[in-house]
>>> print(open('run-v5.pdb').read())   # PDB, C-alpha atoms and all ligand atoms
ATOM      1  CA  MET A   1       0.000   0.000   0.000
ATOM      2  CA  ALA A   2       1.331   3.421  -0.978
ATOM      3  CA  SER A   3       2.344   5.882   1.742
ATOM      4  CA  VAL A   4       0.638   9.272   1.999
ATOM      5  CA  SER A   5       3.592  11.062   0.411
ATOM      6  CA  GLU A   6       3.754   8.521  -2.440
ATOM      7  CA  THR A   7       0.063   9.056  -3.066
ATOM      8  CA  VAL A   8       0.494  12.839  -3.026
ATOM      9  CA  GLN A   9       3.335  12.437  -5.534
ATOM     10  CA  SER A  10       1.057  10.515  -7.855
ATOM     11  CA  LEU A  11      -1.582  13.265  -7.526
ATOM     12  CA  ILE A  12       1.071  15.859  -8.381
ATOM     13  CA  ARG A  13       2.183  13.873 -11.452
ATOM     14  CA  ARG A  14      -1.427  13.643 -12.574
ATOM     15  CA  SER A  15      -1.843  17.416 -12.183
ATOM     16  CA  GLU A  16       1.333  18.001 -14.208
ATOM     17  CA  PHE A  17      -0.095  15.793 -16.947
ATOM     18  CA  TRP A  18      -3.287  17.892 -16.894
ATOM     19  CA  LEU A  19      -1.214  20.985 -17.653
ATOM     20  CA  THR A  20       0.159  19.364 -20.802
ATOM     21  CA  VAL A  21      -3.267  18.449 -22.202
ATOM     22  CA  PRO A  22      -4.620  21.009 -24.728
ATOM     23  CA  GLY A  23      -7.477  23.049 -23.255
ATOM     24  CA  MET A  24     -10.539  21.565 -24.901
ATOM     25  CA  GLN A  25      -9.319  18.000 -24.335
ATOM     26  CA  ARG A  26      -9.501  18.661 -20.595
ATOM     27  CA  TYR A  27     -13.241  18.093 -20.777
ATOM     28  CA  ARG A  28     -12.368  14.433 -21.375
ATOM     29  CA  PHE A  29      -9.619  14.371 -18.749
ATOM     30  CA  TRP A  30     -11.647  12.308 -16.267
ATOM     31  CA  GLU A  31     -11.364   9.343 -18.674
ATOM     32  CA  THR A  32      -7.897  10.057 -20.067
ATOM     33  CA  ASP A  33      -5.095   7.700 -19.028
ATOM     34  CA  SER A  34      -1.739   9.148 -18.062
ATOM     35  CA  PRO A  35       0.952   7.902 -20.480
ATOM     36  CA  ASN A  36       3.049   5.097 -18.985
ATOM     37  CA  ARG A  37       1.554   5.652 -15.561
ATOM     38  CA  VAL A  38      -1.340   3.952 -13.893
ATOM     39  CA  TYR A  39      -3.587   6.462 -12.188
ATOM     40  CA  SER A  40      -6.996   5.396 -10.992
ATOM     41  CA  PHE A  41      -8.346   7.757  -8.362
ATOM     42  CA  THR A  42     -12.098   7.927  -8.585
ATOM     43  CA  ALA A  43     -13.707  10.968  -6.964
ATOM     44  CA  ALA A  44     -14.646   8.866  -3.924
ATOM     45  CA  ASP A  45     -11.033   7.641  -3.549
ATOM     46  CA  LEU A  46      -9.729  11.179  -3.822
ATOM     47  CA  VAL A  47     -12.187  12.704  -1.355
ATOM     48  CA  GLN A  48     -11.657   9.915   1.175
ATOM     49  CA  PHE A  49      -7.879  10.293   0.944
ATOM     50  CA  THR A  50      -8.133  14.080   1.232
ATOM     51  CA  LYS A  51     -10.483  14.047   4.224
ATOM     52  CA  THR A  52      -8.116  11.764   6.108
ATOM     53  CA  ASN A  53      -4.715  13.124   5.135
ATOM     54  CA  CYS A  54      -4.948  16.825   4.314
ATOM     55  CA  LEU A  55      -2.911  19.073   6.600
ATOM     56  CA  ALA A  56      -6.018  20.567   8.227
ATOM     57  CA  LYS A  57      -7.104  17.110   9.371
ATOM     58  CA  ALA A  58      -3.812  15.258   9.817
ATOM     59  CA  ASN A  59      -1.971  18.030  11.630
ATOM     60  CA  PRO A  60      -4.509  20.532  13.007
ATOM     61  CA  ASN A  61      -2.008  21.934  15.518
ATOM     62  CA  SER A  62       0.644  22.683  12.907
ATOM     63  CA  SER A  63       2.188  26.151  12.622
ATOM     64  CA  ASP A  64       0.627  26.387   9.134
ATOM     65  CA  VAL A  65      -2.869  26.136  10.560
ATOM     66  CA  SER A  66      -2.214  28.769  13.228
ATOM     67  CA  GLU A  67      -0.557  31.063  10.714
ATOM     68  CA  PHE A  68      -3.577  30.835   8.427
ATOM     69  CA  LYS A  69      -5.949  31.481  11.337
ATOM     70  CA  ASN A  70      -3.953  34.563  12.358
ATOM     71  CA  GLU A  71      -3.853  35.961   8.827
ATOM     72  CA  MET A  72      -7.536  35.332   8.322
ATOM     73  CA  GLN A  73      -8.336  36.935  11.662
ATOM     74  CA  ALA A  74      -6.343  40.023  10.673
ATOM     75  CA  ASP A  75      -8.165  40.153   7.324
ATOM     76  CA  LEU A  76     -11.553  39.861   8.998
ATOM     77  CA  GLU A  77     -10.774  42.681  11.426
ATOM     78  CA  ALA A  78      -9.364  44.966   8.723
ATOM     79  CA  ASN A  79     -12.337  44.185   6.494
ATOM     80  CA  LYS A  80     -14.751  44.946   9.326
ATOM     81  CA  ALA A  81     -13.143  48.330   9.952
ATOM     82  CA  ASN A  82     -12.995  49.191   6.250
ATOM     83  CA  PRO A  83     -14.630  46.674   3.879
ATOM     84  CA  TYR A  84     -12.258  45.303   1.253
ATOM     85  CA  THR A  85     -12.962  46.216  -2.356
ATOM     86  CA  GLY A  86     -11.186  46.052  -5.709
ATOM     87  CA  THR A  87      -7.521  45.149  -5.691
ATOM     88  CA  THR A  88      -7.344  44.742  -1.884
ATOM     89  CA  LEU A  89     -10.206  42.277  -2.004
ATOM     90  CA  ALA A  90      -8.659  40.432  -4.968
ATOM     91  CA  GLN A  91      -5.247  40.132  -3.306
ATOM     92  CA  SER A  92      -6.719  38.953  -0.055
ATOM     93  CA  VAL A  93      -8.772  36.266  -1.836
ATOM     94  CA  ALA A  94      -5.668  35.147  -3.770
ATOM     95  CA  ASN A  95      -3.763  34.837  -0.495
ATOM     96  CA  CYS A  96      -6.594  32.806   1.050
ATOM     97  CA  LEU A  97      -6.641  30.556  -2.003
ATOM     98  CA  VAL A  98      -3.006  29.624  -1.453
ATOM     99  CA  TRP A  99      -3.799  28.762   2.177
ATOM    100  CA  ILE A 100      -6.855  26.661   1.345
ATOM    101  CA  ASP A 101      -4.799  24.781  -1.228
ATOM    102  CA  ARG A 102      -2.049  24.129   1.295
ATOM    103  CA  LEU A 103      -4.292  23.059   4.170
ATOM    104  CA  PHE A 104      -6.835  20.985   2.235
ATOM    105  CA  PHE A 105      -5.345  20.098  -1.164
ATOM    106  CA  PHE A 106      -1.693  19.277  -0.377
ATOM    107  CA  GLY A 107      -0.578  22.485  -2.147
ATOM    108  CA  ILE A 108      -1.154  20.758  -5.487
ATOM    109  CA  ILE A 109      -3.181  23.516  -7.145
ATOM    110  CA  THR A 110      -0.660  26.304  -6.557
ATOM    111  CA  GLN A 111       2.365  23.961  -6.464
ATOM    112  CA  GLN A 112       3.753  25.840  -3.470
ATOM    113  CA  ASP A 113       6.514  23.378  -2.640
ATOM    114  CA  LYS A 114       8.033  23.869  -6.072
ATOM    115  CA  ARG A 115       7.911  27.634  -5.919
ATOM    116  CA  LYS A 116      10.955  27.848  -3.641
ATOM    117  CA  ASP A 117      13.476  26.027  -5.764
ATOM    118  CA  GLU A 118      12.208  25.729  -9.320
ATOM    119  CA  SER A 119      12.261  28.699 -11.639
ATOM    120  CA  ASP A 120       9.710  27.095 -13.946
ATOM    121  CA  HIS A 121       7.175  26.722 -11.143
ATOM    122  CA  ARG A 122       3.657  27.472 -12.206
ATOM    123  CA  SER A 123       0.313  27.273 -10.534
ATOM    124  CA  LEU A 124      -2.137  24.945 -12.261
ATOM    125  CA  ILE A 125      -4.619  27.758 -12.599
ATOM    126  CA  THR A 126      -4.879  31.521 -12.860
ATOM    127  CA  LEU A 127      -7.269  33.381 -10.598
ATOM    128  CA  SER A 128      -9.161  36.088 -12.498
ATOM    129  CA  PHE A 129     -11.637  38.701 -11.384
ATOM    130  CA  GLY A 130     -14.399  40.475 -13.229
ATOM    131  CA  ASP A 131     -16.869  43.091 -12.147
ATOM    132  CA  HIS A 132     -19.474  42.448 -14.790
ATOM    133  CA  CYS A 133     -20.475  39.846 -17.333
ATOM    134  CA  GLU A 134     -23.527  38.692 -19.167
ATOM    135  CA  GLU A 135     -24.447  36.446 -16.240
ATOM    136  CA  PRO A 136     -24.487  38.922 -13.350
ATOM    137  CA  GLU A 137     -25.924  36.320 -10.968
ATOM    138  CA  MET A 138     -22.884  34.132 -11.423
ATOM    139  CA  LYS A 139     -20.404  34.394  -8.588
ATOM    140  CA  GLY A 140     -17.600  32.219  -9.879
ATOM    141  CA  VAL A 141     -16.649  29.547 -12.384
ATOM    142  CA  PHE A 142     -13.732  27.249 -13.158
ATOM    143  CA  ILE A 143     -12.951  27.123 -16.882
ATOM    144  CA  PRO A 144     -10.748  24.052 -17.473
ATOM    145  CA  SER A 145      -9.917  24.899 -21.101
ATOM    146  CA  GLN A 146      -8.355  28.184 -19.967
ATOM    147  CA  ALA A 147      -7.047  26.865 -16.638
ATOM    148  CA  THR A 148      -8.795  29.822 -15.067
ATOM    149  CA  LEU A 149     -10.773  30.194 -11.896
ATOM    150  CA  TRP A 150     -12.931  33.248 -12.320
ATOM    151  CA  VAL A 151     -14.568  35.097  -9.423
ATOM    152  CA  ASN A 152     -17.046  37.960  -9.691
ATOM    153  CA  LEU A 153     -16.237  40.623  -7.105
ATOM    154  CA  ASP A 154     -19.528  42.462  -7.551
ATOM    155  CA  GLN A 155     -23.118  41.695  -6.684
ATOM    156  CA  PRO A 156     -25.741  41.950  -9.455
ATOM    157  CA  SER A 157     -26.652  45.376  -8.019
ATOM    158  CA  GLY A 158     -23.112  46.595  -8.728
ATOM    159  CA  GLU A 159     -22.184  46.756  -5.043
ATOM    160  CA  PRO A 160     -18.997  44.890  -4.113
ATOM    161  CA  GLU A 161     -19.549  41.405  -2.700
ATOM    162  CA  PRO A 162     -18.518  41.148   0.961
ATOM    163  CA  PHE A 163     -15.143  39.532   1.670
ATOM    164  CA  ASP A 164     -16.659  36.506   3.438
ATOM    165  CA  GLU A 165     -18.947  35.809   0.469
ATOM    166  CA  ILE A 166     -16.053  35.972  -2.011
ATOM    167  CA  PHE A 167     -14.031  33.722   0.277
ATOM    168  CA  CYS A 168     -16.828  31.117   0.233
ATOM    169  CA  VAL A 169     -17.161  31.357  -3.566
ATOM    170  CA  MET A 170     -13.431  30.776  -3.947
ATOM    171  CA  VAL A 171     -13.552  27.688  -1.698
ATOM    172  CA  HIS A 172     -16.476  26.315  -3.734
ATOM    173  CA  GLU A 173     -14.658  26.847  -7.037
ATOM    174  CA  LEU A 174     -11.447  25.291  -5.710
ATOM    175  CA  CYS A 175     -13.362  22.072  -5.059
ATOM    176  CA  HIS A 176     -14.307  22.060  -8.757
ATOM    177  CA  VAL A 177     -10.657  22.608  -9.681
ATOM    178  CA  TYR A 178      -9.326  19.854  -7.416
ATOM    179  CA  LEU A 179     -11.877  17.227  -8.412
ATOM    180  CA  GLY A 180     -11.804  18.259 -12.071
ATOM    181  CA  ILE A 181      -8.052  17.790 -12.315
ATOM    182  CA  LEU A 182      -7.526  14.750 -10.100
ATOM    183  CA  THR A 183     -10.525  12.508 -10.709
ATOM    184  CA  LYS A 184     -10.001   9.579 -13.063
ATOM    185  CA  ASP A 185     -12.765   7.125 -13.774
ATOM    186  CA  SER A 186     -13.484   4.459 -16.339
ATOM    187  CA  ASN A 187     -17.155   4.338 -15.434
ATOM    188  CA  ALA A 188     -19.246   7.225 -16.793
ATOM    189  CA  SER A 189     -22.233   6.340 -14.645
ATOM    190  CA  ARG A 190     -20.204   6.564 -11.427
ATOM    191  CA  TYR A 191     -18.384   9.729 -12.560
ATOM    192  CA  HIS A 192     -21.737  11.327 -13.346
ATOM    193  CA  THR A 193     -23.111  10.572  -9.880
ATOM    194  CA  GLU A 194     -19.981  11.536  -8.002
ATOM    195  CA  ILE A 195     -19.014  14.684  -9.901
ATOM    196  CA  GLN A 196     -21.215  15.786 -12.746
ATOM    197  CA  LEU A 197     -24.692  15.594 -11.226
ATOM    198  CA  ASN A 198     -26.467  18.986 -10.976
ATOM    199  CA  ASN A 199     -23.945  20.843 -13.151
ATOM    200  CA  GLY A 200     -20.826  19.563 -11.461
ATOM    201  CA  HIS A 201     -22.277  19.298  -7.944
ATOM    202  CA  GLY A 202     -22.389  15.526  -7.530
ATOM    203  CA  VAL A 203     -22.091  13.416  -4.397
ATOM    204  CA  GLN A 204     -18.334  13.719  -3.941
ATOM    205  CA  PHE A 205     -18.313  17.431  -4.712
ATOM    206  CA  GLN A 206     -20.847  17.943  -1.914
ATOM    207  CA  GLU A 207     -18.942  15.661   0.436
ATOM    208  CA  LEU A 208     -15.655  17.507  -0.096
ATOM    209  CA  LEU A 209     -17.113  21.017   0.052
ATOM    210  CA  HIS A 210     -19.119  20.202   3.177
ATOM    211  CA  PHE A 211     -16.007  18.819   4.868
ATOM    212  CA  ILE A 212     -14.007  21.992   4.155
ATOM    213  CA  LEU A 213     -16.790  24.414   5.080
ATOM    214  CA  ALA A 214     -17.447  22.606   8.360
ATOM    215  CA  GLN A 215     -13.749  22.738   9.263
ATOM    216  CA  LEU A 216     -13.511  26.421   8.342
ATOM    217  CA  PHE A 217     -16.631  27.216  10.368
ATOM    218  CA  ALA A 218     -15.096  25.463  13.380
ATOM    219  CA  TRP A 219     -12.068  27.746  13.005
ATOM    220  CA  PHE A 220     -14.021  30.910  12.183
ATOM    221  CA  PRO A 221     -17.407  30.845  13.936
ATOM    222  CA  MET A 222     -17.531  34.620  13.424
ATOM    223  CA  ILE A 223     -18.290  33.954   9.714
ATOM    224  CA  PRO A 224     -21.891  32.713   9.867
ATOM    225  CA  ARG A 225     -21.954  32.242   6.089
ATOM    226  CA  LEU A 226     -19.584  29.269   6.480
ATOM    227  CA  GLY A 227     -22.042  27.548   8.821
ATOM    228  CA  GLU A 228     -25.019  28.322   6.575
ATOM    229  CA  LEU A 229     -23.259  26.922   3.544
ATOM    230  CA  ALA A 230     -22.011  23.850   5.429
ATOM    231  CA  ALA A 231     -25.666  23.069   6.240
ATOM    232  CA  VAL A 232     -26.757  23.768   2.649
ATOM    233  CA  HIS A 233     -24.160  21.385   1.249
ATOM    234  CA  GLN A 234     -24.919  18.685   3.798
ATOM    235  CA  GLU A 235     -28.521  18.733   2.614
ATOM    236  CA  ALA A 236     -27.395  18.857  -1.020
ATOM    237  CA  LEU A 237     -25.281  15.764  -0.348
ATOM    238  CA  GLN A 238     -28.336  13.877   0.896
ATOM    239  CA  ASN A 239     -30.281  15.001  -2.184
ATOM    240  CA  ALA A 240     -27.477  13.918  -4.507
ATOM    241  CA  LEU A 241     -27.288  10.511  -2.804
ATOM    242  CA  ALA A 242     -31.024  10.056  -3.378
ATOM    243  CA  GLN A 243     -30.777  10.618  -7.166
ATOM    244  CA  PRO A 244     -31.180   7.525  -9.318
ATOM    245  CA  ILE A 245     -28.067   6.078 -10.962
ATOM    246  CA  VAL A 246     -28.155   6.575 -14.735
ATOM    247  CA  SER A 247     -26.849   4.239 -17.438
ATOM    248  CA  GLU A 248     -23.412   4.609 -19.054
ATOM    249  CA  THR A 249     -24.980   6.017 -22.235
ATOM    250  CA  ILE A 250     -27.127   8.613 -20.513
ATOM    251  CA  ALA A 251     -24.312   9.546 -18.137
ATOM    252  CA  ARG A 252     -21.912  10.102 -21.026
ATOM    253  CA  SER A 253     -24.338  12.272 -22.996
ATOM    254  CA  ARG A 254     -25.057  14.412 -19.938
ATOM    255  CA  ILE A 255     -21.377  14.805 -19.101
ATOM    256  CA  TYR A 256     -20.541  16.067 -22.569
ATOM    257  CA  ALA A 257     -23.645  18.250 -22.868
ATOM    258  CA  CYS A 258     -22.298  20.072 -19.808
ATOM    259  CA  SER A 259     -18.945  20.709 -21.404
ATOM    260  CA  ASP A 260     -20.673  22.630 -24.223
ATOM    261  CA  THR A 261     -22.126  24.949 -21.599
ATOM    262  CA  ASN A 262     -18.638  25.514 -20.251
ATOM    263  CA  VAL A 263     -17.382  26.422 -23.697
ATOM    264  CA  PHE A 264     -20.168  28.965 -24.015
ATOM    265  CA  LEU A 265     -19.280  30.424 -20.639
ATOM    266  CA  ALA A 266     -15.646  30.648 -21.619
ATOM    267  CA  ASP A 267     -16.631  32.777 -24.599
ATOM    268  CA  VAL A 268     -18.969  34.955 -22.613
ATOM    269  CA  LEU A 269     -16.356  35.586 -19.976
ATOM    270  CA  ARG A 270     -13.429  36.217 -22.280
ATOM    271  CA  SER A 271     -14.208  39.901 -22.711
ATOM    272  CA  SER A 272     -15.504  40.539 -19.226
ATOM    273  CA  SER A 273     -12.425  40.583 -17.042
ATOM    274  CA  LYS A 274     -11.461  43.938 -15.599
ATOM    275  CA  PHE A 275      -8.478  42.888 -13.536
ATOM    276  CA  PRO A 276      -5.552  41.011 -15.041
ATOM    277  CA  GLY A 277      -5.120  37.423 -13.890
ATOM    278  CA  VAL A 278      -3.348  36.959 -10.578
ATOM    279  CA  CYS A 279      -0.519  34.455 -10.509
ATOM    280  CA  ILE A 280      -0.910  32.293  -7.455
TER     281      ILE A 280
HETATM  282 ZN    ZN A 301     -20.204  24.950  -8.492
END
>>> encode(input="run-v5.pdb", output="structure tokens", more="lines below")
Ligand SMILES: [Zn+2]
Amino acid sequence: MASVSETVQSLIRRSEFWLTVPGMQRYRFWETDSPNRVYSFTAADLVQFTKTNCLAKANPNSSDVSEFKNEMQADLEANKANPYTGTTLAQSVANCLVWIDRLFFFGIITQQDKRKDESDHRSLITLSFGDHCEEPEMKGVFIPSQATLWVNLDQPSGEPEPFDEIFCVMVHELCHVYLGILTKDSNASRYHTEIQLNNGHGVQFQELLHFILAQLFAWFPMIPRLGELAAVHQEALQNALAQPIVSETIARSRIYACSDTNVFLADVLRSSSKFPGVCI
């Protein structure tokens, strides 16, 4: 049986392979085999491994966890005194993203361990911000073909979204990123149930997001939104579990119908970004 660090290494290699796959082919990545390397983490495998071994769970008293709590606390106090907007809000969210990746996703998304000693380090994704688009209700989206996680900093009314709301949106989108890059399945029916159900909010998505929100709420009870959303996603998990399993054929057609929607979104969003991408 592989050790935790061996398993993390195989997740990292899989994520590096994802980077080499041309954008549109990433919509098939869940069923794409890595060349010369066996990789077979279903979403359930990945979420189970993550819930047991991520830093937040395996080492909750680590200096990393306390450092994140202190930084977040400072952000919350500064934001309370003078609500974050624009670039300050964007930078703070980018900083939080790096922490969430480190504490819950083994640092794989931002490749933090490589940053120190490799000049060709790159994050798997770019974080982008927009203040308007043709879907003003949309708060965030992960666009695999562009390796971009997009977050809307403004409410439909034009008012800036509060920091805690943006933080929650970012956490939600990161779950899409992590599962989208690291899930491999040879069974479309299972992949559909675990990931793709309800526009990408399947059973394992709900399980992972609920786990993270509940942990964050335990750390930051002063952010009620975390508790509300943890409850919402716990209920959504029960609903997803109650959905009937669909056949391979139906599952496959639904999975690829969804990717067309993503392509459309990518086009809609291309001209809507006000801030340049943030390298994370
Ligand atoms: Zn979502």
>>> closest_residue(input="run-v5.pdb", among="A:Glu173, A:Glu6, A:Asp164, A:Asp154", to="ligand ZN 301 (chain A)", atoms="only C-alpha atoms and all ligand atoms")
A:Glu173
>>> closest_atom_pairs(input="run-v5.pdb", of="chain A", to="ligand ZN 301 (chain A)", cutoff="8 Å", atoms="all atoms listed in the file", output="tab-separated table")
residue	atom	partner	partner_atom	distance
A:Gly140	CA	A:ZN301	ZN	7.8
A:Val141	CA	A:ZN301	ZN	7.0
A:His172	CA	A:ZN301	ZN	6.2
A:Glu173	CA	A:ZN301	ZN	6.0
A:His176	CA	A:ZN301	ZN	6.6
A:Asn199	CA	A:ZN301	ZN	7.3
A:Gly200	CA	A:ZN301	ZN	6.2
A:His201	CA	A:ZN301	ZN	6.0
>>> closest_residue(input="run-v5.pdb", among="A:Ser66, A:Thr249, A:Thr85, A:Gln215", to="Gln155 in chain A", atoms="all atoms listed in the file")
A:Thr85
>>> resolve_selection(input="run-v5.pdb", expression="the PyMOL selection byres (((chain A and resi 222-230) around 10) and not hetatm)", output="number ranges by chain")
A: 73, 76, 164-165, 167-168, 172, 206, 209-221, 231-236
>>> closest_residue(input="run-v5.pdb", among="A:Leu127, A:Tyr27, A:Val171, A:Ala44", to="Thr110 in chain A", atoms="all atoms listed in the file")
A:Leu127
